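Have a look at the structure below, then the notes.
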Amino acid sequence: GGGKGMHFAYNDKECVEYFENCKAEAMAAFGTDKMLVEKFIENPRHIEIQVIADRHGNTVYFPERECSVQRRNQKVLEEAPSMFIDPKTRKAMGEEAAAMARKVNYVTAGTVEMVVDPKKTFYFLEMN
């Protein structure tokens, strides 16, 4: 929590070294050495896709919103469409967002949030 024990490992040696340090920091701060290890995305873009689904199995998605301009982890500006996302990535992200909504039988309007790396590989963050 709060970034305690957060380290970025850029190679196997650092990963092993930081892993043990982080376990110790977690134990000292939280009374447990359980950790969440995530992939670090350098220069990420925060992209959101709006989906709408009904009770008849119909799901549609709308073009993305770029939400990368943030202050204290709060969006300051949304730009649509994103100048960063190309048509191929836009289609893949939209189809993935709609597939996620269908998979969990989502009904109503929702937002699928993703992080996109500089190579335009996207990673699911959350849906709300």
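As shown in the structure tokens, the chain order sets the letters A, B, ...; within each chain, residues go from 1, and ligands are also counted from 1 in the order they appear.
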If you count only C-alpha atoms, which residues fall within 8 Å of stretch 49-53 of chain A, apart from same-chain ones fewer than 5 positions away, as JSON, numbers by chain? {"A": [58, 59, 60, 61, 62, 63, 64, 65, 93, 94, 97, 98, 101, 102, 106, 107, 108, 109, 110, 111, 112, 113]}
Residue neighbourhood A:Cys67, 12 Å, only C-alpha atoms, exclusion window fewer than 6 positions, as a ChimeraX atom specification: /A:44-49,73-84,113-116
Counting only C-alpha atoms, which residue out of A:Met35, A:Ala24, A:Ile41, A:Ala29 sits closest to A:Lys120?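 Of A:Met35, A:Ala24, A:Ile41, A:Ala29, the one nearest A:Lys120, counting only C-alpha atoms, is A:Ile41.
Of all the residues in stretch 34-104 of chain A, the ones DSSP labels as strand (DSSP E or B) from the backbone are Arg45, His46, Ile47, Glu48, Ile49, Gln50, Val51, Ile52, Ala53, Thr59, Val60, Tyr61, Arg65, Glu66, Gln70, Arg71, Gln74, Lys75 and Glu79 of chain A.
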Which residue of A:Ala92, A:Leu125, A:Ala9, A:Val104 approaches A:Phe40 most closely, using only C-alpha atoms: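 When distances to A:Phe40 are compared using only C-alpha atoms, the smallest one comes from A:Ala9.
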